[in-house]
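Chemist: File run.txt below, compact mmCIF, C-alpha atoms:
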# COMPACT_ATOMS: atom_id res chain seq x y z
CA MET A 168 174.38 40.74 68.16
CA THR A 169 174.14 37.27 66.71
CA ARG A 170 173.57 37.18 62.98
CA THR A 171 170.97 34.72 61.75
CA SER A 172 169.35 33.67 58.51
CA PHE A 173 166.80 36.17 57.28
CA LEU A 174 163.75 33.87 57.20
CA LYS A 175 160.07 34.27 57.70
CA GLY A 176 158.74 33.03 61.02
CA ASP A 177 156.35 30.17 61.65
CA THR A 178 153.96 31.58 59.05
CA GLY A 179 156.40 30.82 56.21
CA GLU A 180 155.40 28.01 53.88
CA ARG A 181 157.62 25.15 52.76
CA LEU A 182 158.48 24.09 49.24
CA LYS A 183 157.34 20.54 48.50
CA GLN A 184 159.97 18.17 47.13
CA THR A 185 158.99 15.81 44.32
CA ASP A 186 159.69 12.08 44.45
CA VAL A 187 162.34 12.19 41.71
CA GLN A 188 166.06 12.91 42.18
CA LEU A 189 169.09 12.65 39.92
CA HIS A 190 172.32 11.28 41.35
CA PRO A 191 175.92 11.10 40.05
CA LEU A 192 176.16 8.45 37.39
CA THR A 193 177.94 5.15 37.99
CA LEU A 194 179.02 3.83 34.59
CA PRO A 195 180.52 0.47 33.65
CA ILE A 196 184.22 0.12 34.41
CA THR A 197 185.13 0.74 30.76
CA HIS A 198 183.67 4.26 30.94
CA ARG A 199 185.01 5.39 34.30
CA THR A 200 187.54 8.19 34.53
CA THR A 201 189.98 9.32 37.17
CA ARG A 202 187.83 12.38 37.91
CA SER A 203 185.35 12.15 40.74
CA PRO A 204 181.97 13.91 40.64
CA SER A 205 182.64 17.55 41.47
CA GLY A 206 179.12 18.64 42.28
CA ALA A 207 176.11 19.70 40.23
CA LYS A 208 177.40 23.19 39.35
CA THR A 209 174.80 23.76 36.66
CA CYS A 210 171.68 22.35 35.02
CA ALA A 211 169.22 23.46 32.36
CA TRP A 212 165.84 22.77 30.83
CA SER A 213 165.36 22.97 27.07
CA PRO A 214 163.22 25.94 25.91
CA ASP A 215 160.40 23.59 24.85
CA ASN A 216 160.56 21.79 28.22
CA THR A 217 161.27 18.41 26.62
CA TYR A 218 164.77 17.77 28.00
CA PHE A 219 166.72 18.36 31.19
CA ALA A 220 170.55 18.40 31.21
CA TRP A 221 172.97 18.22 34.13
CA PRO A 222 176.67 17.26 34.64
CA CYS A 223 176.72 13.80 36.21
CA GLY A 224 180.46 13.66 36.96
CA GLY A 225 183.64 12.77 35.12
CA GLY A 226 183.11 15.26 32.30
CA LYS A 227 179.78 13.69 31.34
CA VAL A 228 176.40 15.35 30.88
CA GLU A 229 173.17 13.42 31.26
CA LEU A 230 170.42 14.43 28.86
CA VAL A 231 167.10 13.30 30.35
CA PRO A 232 163.68 13.49 28.63
CA TRP A 233 161.11 15.58 30.48
CA ASP A 234 157.40 14.76 30.55
CA ASN A 235 155.44 17.99 30.02
CA ARG A 236 152.14 16.50 31.13
CA GLU A 237 153.37 15.01 34.40
CA ASN A 238 156.08 17.65 34.98
CA LYS A 239 158.76 15.10 35.77
CA ILE A 240 161.72 13.38 34.16
CA VAL A 241 161.14 10.31 32.01
CA LEU A 242 163.16 7.44 33.47
CA ASN A 243 164.31 5.17 30.63
CA GLU A 244 166.09 1.89 31.13
CA ASP A 245 168.25 2.38 28.04
CA ILE A 246 171.12 4.85 28.49
CA LEU A 247 173.13 5.69 25.38
CA LEU A 248 176.73 6.84 25.87
CA TYR A 249 178.31 9.15 23.29
CA GLU A 250 182.06 9.68 23.49
CA ASP A 251 183.84 12.83 22.39
CA ALA A 252 184.41 12.92 18.64
CA GLU A 253 185.58 15.56 16.19
CA ASN A 254 184.93 16.38 12.51
CA VAL A 255 181.28 15.39 12.65
CA THR A 256 179.14 16.97 9.94
CA LEU A 257 175.41 16.52 10.47
CA HIS A 258 172.18 17.96 9.11
CA LEU A 259 169.53 17.95 11.84
CA ASP A 260 166.21 16.64 10.57
CA ARG A 261 163.06 18.38 11.84
CA ASN A 262 161.20 15.09 11.95
CA LEU A 263 163.62 13.65 14.52
CA GLN A 264 162.61 16.17 17.14
CA GLN A 265 158.95 15.30 16.66
CA GLN A 266 159.56 11.67 17.62
CA ASN A 267 159.03 12.12 21.33
CA GLU A 268 157.71 8.65 22.04
CA GLN A 269 161.11 6.92 22.23
CA ARG A 270 163.44 9.61 23.54
CA PRO A 271 166.31 7.83 25.28
CA THR A 272 168.41 9.15 28.12
CA ARG A 273 171.77 10.12 26.64
CA ILE A 274 175.18 10.50 28.25
CA LEU A 275 177.36 13.04 26.45
CA ASP A 276 181.02 12.45 27.25
CA GLY A 277 182.86 15.75 27.05
CA VAL A 278 185.97 14.32 28.80
CA GLU A 279 186.79 17.55 30.65
CA VAL A 280 184.87 18.65 33.76
CA VAL A 281 181.65 20.50 32.83
CA TRP A 282 180.94 23.89 34.47
CA SER A 283 178.06 25.22 32.38
CA VAL A 284 175.32 23.96 30.05
CA ALA A 285 172.79 25.73 27.82
CA PHE A 286 170.11 24.70 25.34
CA GLY A 287 169.52 26.46 22.04
CA SER A 288 167.08 26.02 19.19
CA GLY A 289 166.57 27.60 15.81
CA SER A 290 167.58 27.29 12.16
CA THR A 291 170.80 28.25 10.46
CA LYS A 292 170.31 30.98 7.91
CA GLY A 293 169.95 29.84 4.32
CA ASP A 294 172.70 31.93 2.77
CA ASN A 295 174.50 31.20 -0.45
CA THR A 296 173.99 27.51 -1.24
CA LEU A 297 177.43 27.41 -2.83
CA THR A 298 179.00 28.11 0.55
CA TRP A 299 179.77 24.91 2.45
CA LYS A 300 179.07 24.99 6.16
CA HIS A 301 180.04 22.52 8.84
CA LEU A 302 176.84 23.01 10.84
CA LYS A 303 173.35 23.09 9.34
CA VAL A 304 170.38 23.13 11.65
CA ASP A 305 166.72 22.83 10.67
CA GLU A 306 164.66 23.57 13.80
CA GLY A 307 166.96 21.32 15.82
CA LEU A 308 167.66 21.31 19.55
CA LEU A 309 171.28 21.91 20.55
CA LEU A 310 173.15 21.64 23.84
CA ALA A 311 176.31 23.64 24.58
CA THR A 312 178.66 22.56 27.37
CA GLY A 313 181.41 24.73 28.90
CA HIS A 314 184.48 22.93 30.22
CA GLN A 315 187.30 23.42 32.67
CA ASN A 316 189.95 23.76 29.98
CA GLY A 317 188.11 26.68 28.32
CA ASN A 318 186.58 24.70 25.46
CA ILE A 319 182.91 24.83 24.48
CA LYS A 320 181.25 21.86 22.83
CA VAL A 321 177.98 21.91 20.90
CA TRP A 322 175.91 18.71 20.74
CA ASP A 323 172.88 17.52 18.80
CA CYS A 324 170.22 16.52 21.34
CA ASN A 325 168.44 14.26 18.85
CA THR A 326 171.44 12.05 18.18
CA GLY A 327 173.91 12.85 20.97
CA LYS A 328 176.66 13.59 18.46
CA LEU A 329 179.27 16.31 18.88
CA LEU A 330 178.81 19.01 16.23
CA LEU A 331 181.32 21.75 17.05
CA MET A 332 184.18 22.52 19.42
CA LEU A 333 184.71 26.22 20.11
CA LYS A 334 188.18 27.22 21.33
CA ASP A 335 189.27 30.65 22.49
CA HIS A 336 188.75 30.90 26.27
CA LYS A 337 191.85 30.34 28.40
CA ASP A 338 190.14 29.27 31.63
CA ILE A 339 186.94 27.71 33.00
CA VAL A 340 183.78 28.56 31.05
CA LYS A 341 181.44 29.57 33.88
CA SER A 342 178.44 30.72 31.87
CA LEU A 343 176.69 29.81 28.60
CA ASN A 344 173.51 31.27 27.14
CA PHE A 345 171.88 31.08 23.71
CA ALA A 346 170.10 34.20 22.48
CA PRO A 347 166.37 33.79 23.22
CA ASP A 348 165.37 35.02 19.74
CA GLY A 349 166.43 31.74 18.07
CA SER A 350 169.33 33.36 16.21
CA LEU A 351 171.77 30.66 17.43
CA ILE A 352 174.13 33.26 18.89
CA LEU A 353 175.92 31.77 21.90
CA LEU A 354 177.12 33.97 24.77
CA SER A 355 179.92 32.72 27.04
CA GLY A 356 181.68 34.05 30.12
CA SER A 357 184.91 32.69 31.55
CA ARG A 358 187.30 32.98 34.46
CA ASP A 359 189.80 34.42 32.00
CA GLY A 360 187.81 37.66 32.38
CA THR A 361 186.32 37.70 28.87
CA ILE A 362 182.82 37.54 27.40
CA LYS A 363 182.51 36.11 23.91
CA PHE A 364 179.86 35.90 21.21
CA TRP A 365 179.76 32.83 18.95
CA ASP A 366 177.73 32.68 15.73
CA LEU A 367 176.56 29.14 15.05
CA ASN A 368 175.19 30.35 11.71
CA ASP A 369 178.83 30.79 10.75
CA ASP A 370 180.12 27.45 12.08
CA GLY A 371 180.65 28.87 15.55
CA ASN A 372 182.74 31.87 14.53
CA MET A 373 183.71 34.01 17.55
CA TYR A 374 182.89 37.50 16.24
CA LYS A 375 183.06 39.63 19.40
CA SER A 376 185.03 39.58 22.65
CA LEU A 377 184.43 41.91 25.60
CA ARG A 378 186.45 42.48 28.75
CA GLY A 379 185.22 44.39 31.79
CA ASN A 380 187.25 45.49 34.78
CA THR A 381 187.06 42.08 36.44
CA LYS A 382 189.44 39.19 36.84
CA TRP A 383 186.73 36.50 36.70
CA VAL A 384 183.37 36.48 34.94
CA TYR A 385 180.90 34.43 36.99
CA ASP A 386 177.71 34.81 34.98
CA THR A 387 176.28 36.36 31.82
CA LYS A 388 172.69 36.72 30.64
CA TRP A 389 170.80 37.95 27.57
CA SER A 390 167.96 40.39 27.98
CA PRO A 391 164.62 39.04 26.64
CA LYS A 392 164.80 41.35 23.61
CA CYS A 393 168.49 40.58 22.99
CA ASP A 394 169.28 44.30 22.98
CA MET A 395 171.63 44.07 25.96
CA ILE A 396 173.53 41.57 28.07
CA ALA A 397 174.49 41.56 31.73
CA SER A 398 177.76 40.28 33.16
CA VAL A 399 178.83 39.89 36.78
CA GLY A 400 182.08 38.81 38.36
CA SER A 401 184.78 39.37 40.92
CA GLY A 402 185.47 42.78 42.40
CA LYS A 403 181.79 43.76 42.94
CA THR A 404 181.31 43.92 39.17
CA VAL A 405 177.88 44.36 37.55
CA ILE A 406 177.93 45.54 33.93
CA LEU A 407 175.11 46.11 31.43
CA TRP A 408 176.31 46.07 27.81
CA ASP A 409 174.17 47.93 25.26
CA LEU A 410 174.36 45.85 22.08
CA LEU A 411 172.54 48.51 20.05
CA ASN A 412 175.07 51.18 21.00
CA ASN A 413 178.38 49.59 20.04
CA TYR A 414 178.45 47.34 23.16
CA SER A 415 178.81 50.35 25.46
CA PRO A 416 179.08 49.30 29.13
CA SER A 417 177.15 50.69 32.10
CA HIS A 418 178.48 49.84 35.56
CA LEU A 419 176.05 49.32 38.43
CA HIS A 420 177.47 50.03 41.88
CA GLY A 421 175.97 48.71 45.11
CA HIS A 422 177.45 45.33 46.00
CA TYR A 423 180.31 44.93 48.50
CA HIS A 424 181.67 41.55 47.40
CA ASP A 425 182.00 39.32 44.32
CA VAL A 426 178.77 39.05 42.32
CA ILE A 427 178.11 35.44 41.31
CA GLY A 428 174.77 35.42 39.49
CA CYS A 429 172.37 37.55 37.49
CA CYS A 430 169.07 37.24 35.64
CA PHE A 431 166.65 39.52 33.82
CA SER A 432 162.95 39.69 34.59
CA PRO A 433 160.77 38.27 31.78
CA ASP A 434 159.76 41.78 30.66
CA GLY A 435 163.39 42.93 30.60
CA ALA A 436 162.73 45.82 32.98
CA LEU A 437 164.66 44.44 35.97
CA LEU A 438 168.03 42.84 36.57
CA ALA A 439 168.53 40.73 39.69
CA THR A 440 172.11 40.23 40.91
CA ALA A 441 173.29 37.92 43.70
CA SER A 442 176.49 38.50 45.66
CA PHE A 443 178.66 36.99 48.37
CA ASP A 444 177.75 40.08 50.42
CA THR A 445 174.54 38.14 51.34
CA ARG A 446 172.25 40.39 49.26
CA VAL A 447 170.24 40.25 46.05
CA ILE A 448 169.73 43.63 44.40
CA LEU A 449 166.96 44.36 41.90
CA TRP A 450 168.00 47.07 39.42
CA ASP A 451 166.19 49.18 36.85
CA VAL A 452 168.14 48.29 33.72
CA TYR A 453 167.43 51.64 32.01
CA THR A 454 168.33 53.99 34.87
CA GLY A 455 170.71 51.83 36.93
CA GLN A 456 168.69 52.58 40.05
CA SER A 457 168.66 50.03 42.88
CA LEU A 458 164.97 49.27 43.53
CA GLN A 459 165.03 46.55 46.18
CA GLU A 460 167.38 44.43 48.28
CA LEU A 461 166.63 40.86 49.37
CA CYS A 462 168.72 40.22 52.48
CA HIS A 463 169.82 36.74 53.58
CA MET A 464 171.42 37.79 56.88
CA TYR A 465 169.82 39.71 59.71
CA PRO A 466 170.89 42.30 60.53
CA PRO A 467 172.58 42.92 57.15
CA PRO A 468 176.38 43.18 57.43
CA ARG A 469 177.96 46.60 57.25
CA PRO A 470 179.99 47.26 54.08
CA ILE A 471 183.33 46.75 55.84
CA PHE A 472 182.27 43.24 56.91
CA ALA A 473 180.20 42.34 53.83
CA ALA A 474 183.36 42.16 51.73
CA GLY A 475 184.83 39.40 53.90
CA ALA A 476 184.15 35.72 54.46
CA ASN A 477 180.85 34.66 55.99
CA GLU A 478 178.53 31.66 56.13
CA PHE A 479 175.77 33.28 54.09
CA TYR A 480 177.21 33.37 50.56
CA ILE A 481 174.46 33.36 47.93
CA ARG A 482 175.23 30.68 45.34
CA GLY A 483 172.48 31.04 42.75
CA ILE A 484 169.48 33.04 41.57
CA SER A 485 166.61 32.58 39.10
CA PHE A 486 163.58 34.62 37.99
CA HIS A 487 160.19 32.93 37.65
CA PRO A 488 158.90 32.94 34.02
CA HIS A 489 155.94 35.08 35.16
CA GLY A 490 158.23 37.56 36.88
CA GLN A 491 156.56 37.66 40.30
CA MET A 492 159.01 35.40 42.18
CA VAL A 493 162.77 35.16 42.64
CA LEU A 494 164.54 31.96 43.72
CA THR A 495 167.83 31.99 45.68
CA ILE A 496 170.13 29.44 47.32
CA ASN A 497 172.50 30.16 50.18
CA ASP A 498 175.34 28.60 52.15
CA ASP A 499 173.18 28.67 55.28
CA GLY A 500 171.37 25.61 53.92
CA TYR A 501 168.11 27.18 52.73
CA VAL A 502 166.40 27.53 49.37
CA ARG A 503 164.30 30.70 49.39
CA CYS A 504 161.47 31.79 47.11
CA TRP A 505 160.66 35.51 47.30
CA ASP A 506 157.28 36.90 46.22
CA LEU A 507 157.96 40.37 44.84
CA GLU A 508 154.30 41.32 45.02
CA GLU A 509 154.20 41.02 48.81
CA ASP A 510 154.77 44.05 51.00
CA GLU A 511 157.24 42.30 53.29
CA ASN A 512 160.86 41.66 52.34
CA ASP A 513 160.94 38.16 53.83
CA PRO A 514 161.00 35.00 51.68
CA SER A 515 157.52 33.56 51.19
CA TYR A 516 158.62 29.93 50.78
CA VAL A 517 161.67 28.08 52.10
CA VAL A 518 163.10 24.59 52.19
CA GLU A 519 166.26 23.20 53.73
CA GLN A 520 168.96 21.94 51.38
CA ALA A 521 172.59 21.98 52.36
CA ASN A 522 175.52 22.64 50.01
CA ALA A 523 173.38 23.95 47.13
CA LEU A 524 175.33 25.24 44.12
CA TYR A 525 172.78 26.03 41.42
CA CYS A 526 169.05 26.67 41.07
CA THR A 527 166.61 27.40 38.27
CA PHE A 528 162.93 27.45 37.39
CA SER A 529 161.59 25.26 34.59
CA PRO A 530 160.48 27.13 31.42
CA LYS A 531 156.83 26.83 32.43
CA GLY A 532 157.60 27.74 36.03
CA GLN A 533 156.02 24.63 37.56
CA ARG A 534 159.22 23.04 38.87
CA ILE A 535 162.42 24.11 40.60
CA SER A 536 165.73 22.25 40.23
CA VAL A 537 168.56 22.59 42.76
CA GLY A 538 172.01 21.02 42.37
CA ASP A 539 174.39 20.44 45.30
CA LYS A 540 178.03 19.65 46.03
CA ASP A 541 177.27 15.93 46.23
CA GLY A 542 176.33 15.97 42.55
CA THR A 543 172.62 15.46 43.22
CA ILE A 544 169.75 17.30 41.53
CA ARG A 545 166.55 17.72 43.54
CA PHE A 546 163.24 18.89 42.13
CA TYR A 547 160.64 20.95 43.98
CA GLN A 548 157.12 22.00 43.13
CA THR A 549 156.80 25.70 42.48
CA PRO A 550 154.46 27.41 44.98
CA PRO A 551 150.91 27.52 43.53
CA LYS A 552 150.92 31.25 43.04
CA VAL A 553 148.68 32.93 40.45
CA ALA A 554 150.13 36.20 39.18
CA ARG A 555 147.97 39.26 39.77
CA LEU A 556 146.28 40.79 36.76
CA GLN A 557 147.87 44.18 37.45
CA HIS A 558 151.32 42.56 37.45
CA LEU A 559 150.64 40.82 34.12
CA CYS A 560 149.42 44.12 32.66
CA ARG A 561 152.60 45.81 33.90
CA MET A 562 154.73 43.20 32.17
CA VAL A 563 152.90 43.80 28.88
CA VAL A 564 153.49 47.55 29.16
CA ARG A 565 157.14 47.18 30.16
CA ASN A 566 157.78 44.93 27.19
CA HIS A 567 157.21 47.99 25.01
CA VAL A 568 157.96 51.02 27.19
CA LYS A 569 161.25 51.85 28.90
CA SER A 570 161.20 53.24 32.42
CA THR A 571 162.64 56.52 31.11
CA LYS A 572 159.56 56.96 28.88
CA ILE A 573 156.87 56.13 31.43
CA ASP A 574 156.67 59.69 32.81
CA PHE A 575 155.49 60.85 29.37
CA LEU A 576 152.41 58.61 29.54
CA ARG A 577 149.11 60.24 30.44
CA LEU A 578 148.50 58.13 33.50
CA PRO A 579 148.05 58.81 37.22
CA CYS A 580 151.30 59.15 39.15
CA ARG A 581 150.54 56.10 41.26
CA ILE A 582 150.23 53.91 38.18
CA LYS A 583 153.45 55.34 36.76
CA GLU A 584 155.28 54.46 39.96
CA TYR A 585 153.88 50.93 39.79
CA LEU A 586 154.95 50.55 36.16
CA LYS A 587 158.49 51.59 37.17
CA TYR A 588 158.50 48.93 39.92
CA HIS A 589 158.69 51.61 42.60
CA ASN A 590 156.13 49.70 44.63
CA PHE A 591 158.97 47.65 46.16
CA THR A 592 159.74 48.16 49.84
CA LYS A 593 163.47 48.85 49.86
CA THR A 594 165.68 47.70 52.69
CA GLY A 595 169.30 48.21 53.66
I need this file expressed as structure tokens, please.
Modeler:
Amino acid sequence: MTRTSFLKGDTGERLKQTDVQLHPLTLPITHRTTRSPSGAKTCAWSPDNTYFAWPCGGGKVELVPWDNRENKIVLNEDILLYEDAENVTLHLDRNLQQQNEQRPTRILDGVEVVWSVAFGSGSTKGDNTLTWKHLKVDEGLLLATGHQNGNIKVWDCNTGKLLLMLKDHKDIVKSLNFAPDGSLILLSGSRDGTIKFWDLNDDGNMYKSLRGNTKWVYDTKWSPKCDMIASVGSGKTVILWDLLNNYSPSHLHGHYHDVIGCCFSPDGALLATASFDTRVILWDVYTGQSLQELCHMYPPPRPIFAAGANEFYIRGISFHPHGQMVLTINDDGYVRCWDLEEDENDPSYVVEQANALYCTFSPKGQRISVGDKDGTIRFYQTPPKVARLQHLCRMVVRNHVKSTKIDFLRLPCRIKEYLKYHNFTKTG
């Protein structure tokens, strides 16, 4: 039987592309390097939705202002280039971030090829004033970049200056994430097989290193409450680390190939993992139960074939900020948007884009960004979907109640099953 992309038929709707794209940067001859653009492997929006960052080739990251009202990038004629520099001590002024009228497009030159980027915001703790610290942040916006040589660089988005260089990884830094609680704790995952925690309140001190049973770490994510992290990698690895219980690991088994991406639902109740076995699995993070599979090949490959090479590798995954949609990209040339509230297991919205490498929703969920191997970022309008009231109520409940505690609530069984996300139609 011929295997084909798992797509909705003629009734499926198409994502609408916006009129703005970002392309690999062509700099003056004095700023060119010997490295050619190696594809848009990553991109990120700032938490306040005021900046968009993406690697534009040659070890450089373009920091572009984002217009919240128009939901598009702000194209400035002036581009400021900031070369790599060390021993920079800077106190970020809160007033600088409020000056949004003249935000220039900045080029941050990290020299080495960039594999991951992440925004962070918050304030460094006011400890003993007699203790000198290299980094002091007062409600500033920071950008961390992970490089091919294992280094991590932290930049000030207001000035474009390099603040810190964090060295301990021995291979490519594939994943970077700041803790969502504003604590300025940076989480990193690398192809050296380690996961590290960096405290920017302590000048970037690396205070914890974890190693699972995997050769490469492809992705790491914080849970919304920062009480656990997820890591995925080679060898079918999916691990949940309980930060409140001495970083104890829980292994989730179900994939047949390397797992390349993960993300938590906004209420922290679900973990979505994407694998080269052509499937996305939605897990209950408290029980480890597999709740739903989103298949990208029909019929799904048997386990003995799913572990091999195919033309349907999933390359990226992202959860919508409202939790009702999941975005995926695939080697078959399609971007898929899955509505988890629908009864069918087909994608609700699709668009063709070849050679996609990375995808993500904007913080407000109104835009989608997709990077490809040509180094181009394309933006799409998010489907105009209004979340159901019952889904929003479920998210409020799940923010406070674990799935293992739901059975103790005095509620009808049908509502309990819905609260535990057992309304999904499971396939596979």
Chemist: Could I get the residues of range 487-592 of chain A with an atom no further than 8 Å from an atom of range 452-462 of chain A, each paired with its nearest atom pair and that distance in Å to one decimal, using all atoms listed in the file, sorted by chain and residue number, as a Markdown table?
Modeler:
| residue | atom | partner | partner_atom | distance |
| --- | --- | --- | --- | --- |
| A:Asn512 | CA | A:Leu461 | CA | 6.5 |
| A:Asp513 | CA | A:Leu461 | CA | 7.7 |
| A:Lys569 | CA | A:Tyr453 | CA | 6.9 |
| A:Ser570 | CA | A:Tyr453 | CA | 6.4 |
| A:Thr571 | CA | A:Tyr453 | CA | 6.9 |
| A:Tyr588 | CA | A:Leu458 | CA | 7.4 |
| A:His589 | CA | A:Leu458 | CA | 6.8 |
| A:Phe591 | CA | A:Gln459 | CA | 6.2 |
| A:Thr592 | CA | A:Gln459 | CA | 6.6 |
Chemist: List the neighbours of range 496-499 of chain A out to 6 Å using all atoms listed in the file; skip same-chain residues closer than 6 positions along the sequence, and give me the result as a list in words.
Modeler: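 Using all atoms listed in the file, the neighbours found are Glu478, Phe479, Tyr480, Ile481, Arg482 and Gly483 of chain A.
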Chemist: Between A:Asp335, A:Asp444, A:Asp506, A:Asp323, which has the minimum distance to Ser376 in chain A (counting all atoms listed in the file)?
Modeler: A:Asp335
Chemist: Between A:Trp365, A:Pro467, A:Ser350, A:Thr495, which residue has the minimum interatomic distance to Val321 in chain A, considering all atoms listed in the file?
Modeler: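 That would be A:Trp365, the residue with the smallest distance to Val321 in chain A.
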Chemist: Which is closest to Pro551 in chain A among A:Tyr501, A:Phe486, A:Tyr516, A:Trp322, if we use only C-alpha atoms?
Modeler: A:Tyr516
Chemist: Neighbours of Leu353 in chain A within 7 Å (only C-alpha atoms; same-chain residues fewer than 3 positions away dropped), as a list in words?
Modeler: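 Returned residues: Asn344, Phe345, Ala346, Phe364, Trp365 and Asp366 of chain A.
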Chemist: Counting only C-alpha atoms, which residue out of A:Ile471, A:Leu354, A:Leu330, A:Leu524 sits closest to Ile427 in chain A?
Modeler: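 Nearest candidate to Ile427 in chain A out of A:Ile471, A:Leu354, A:Leu330, A:Leu524: A:Leu524.
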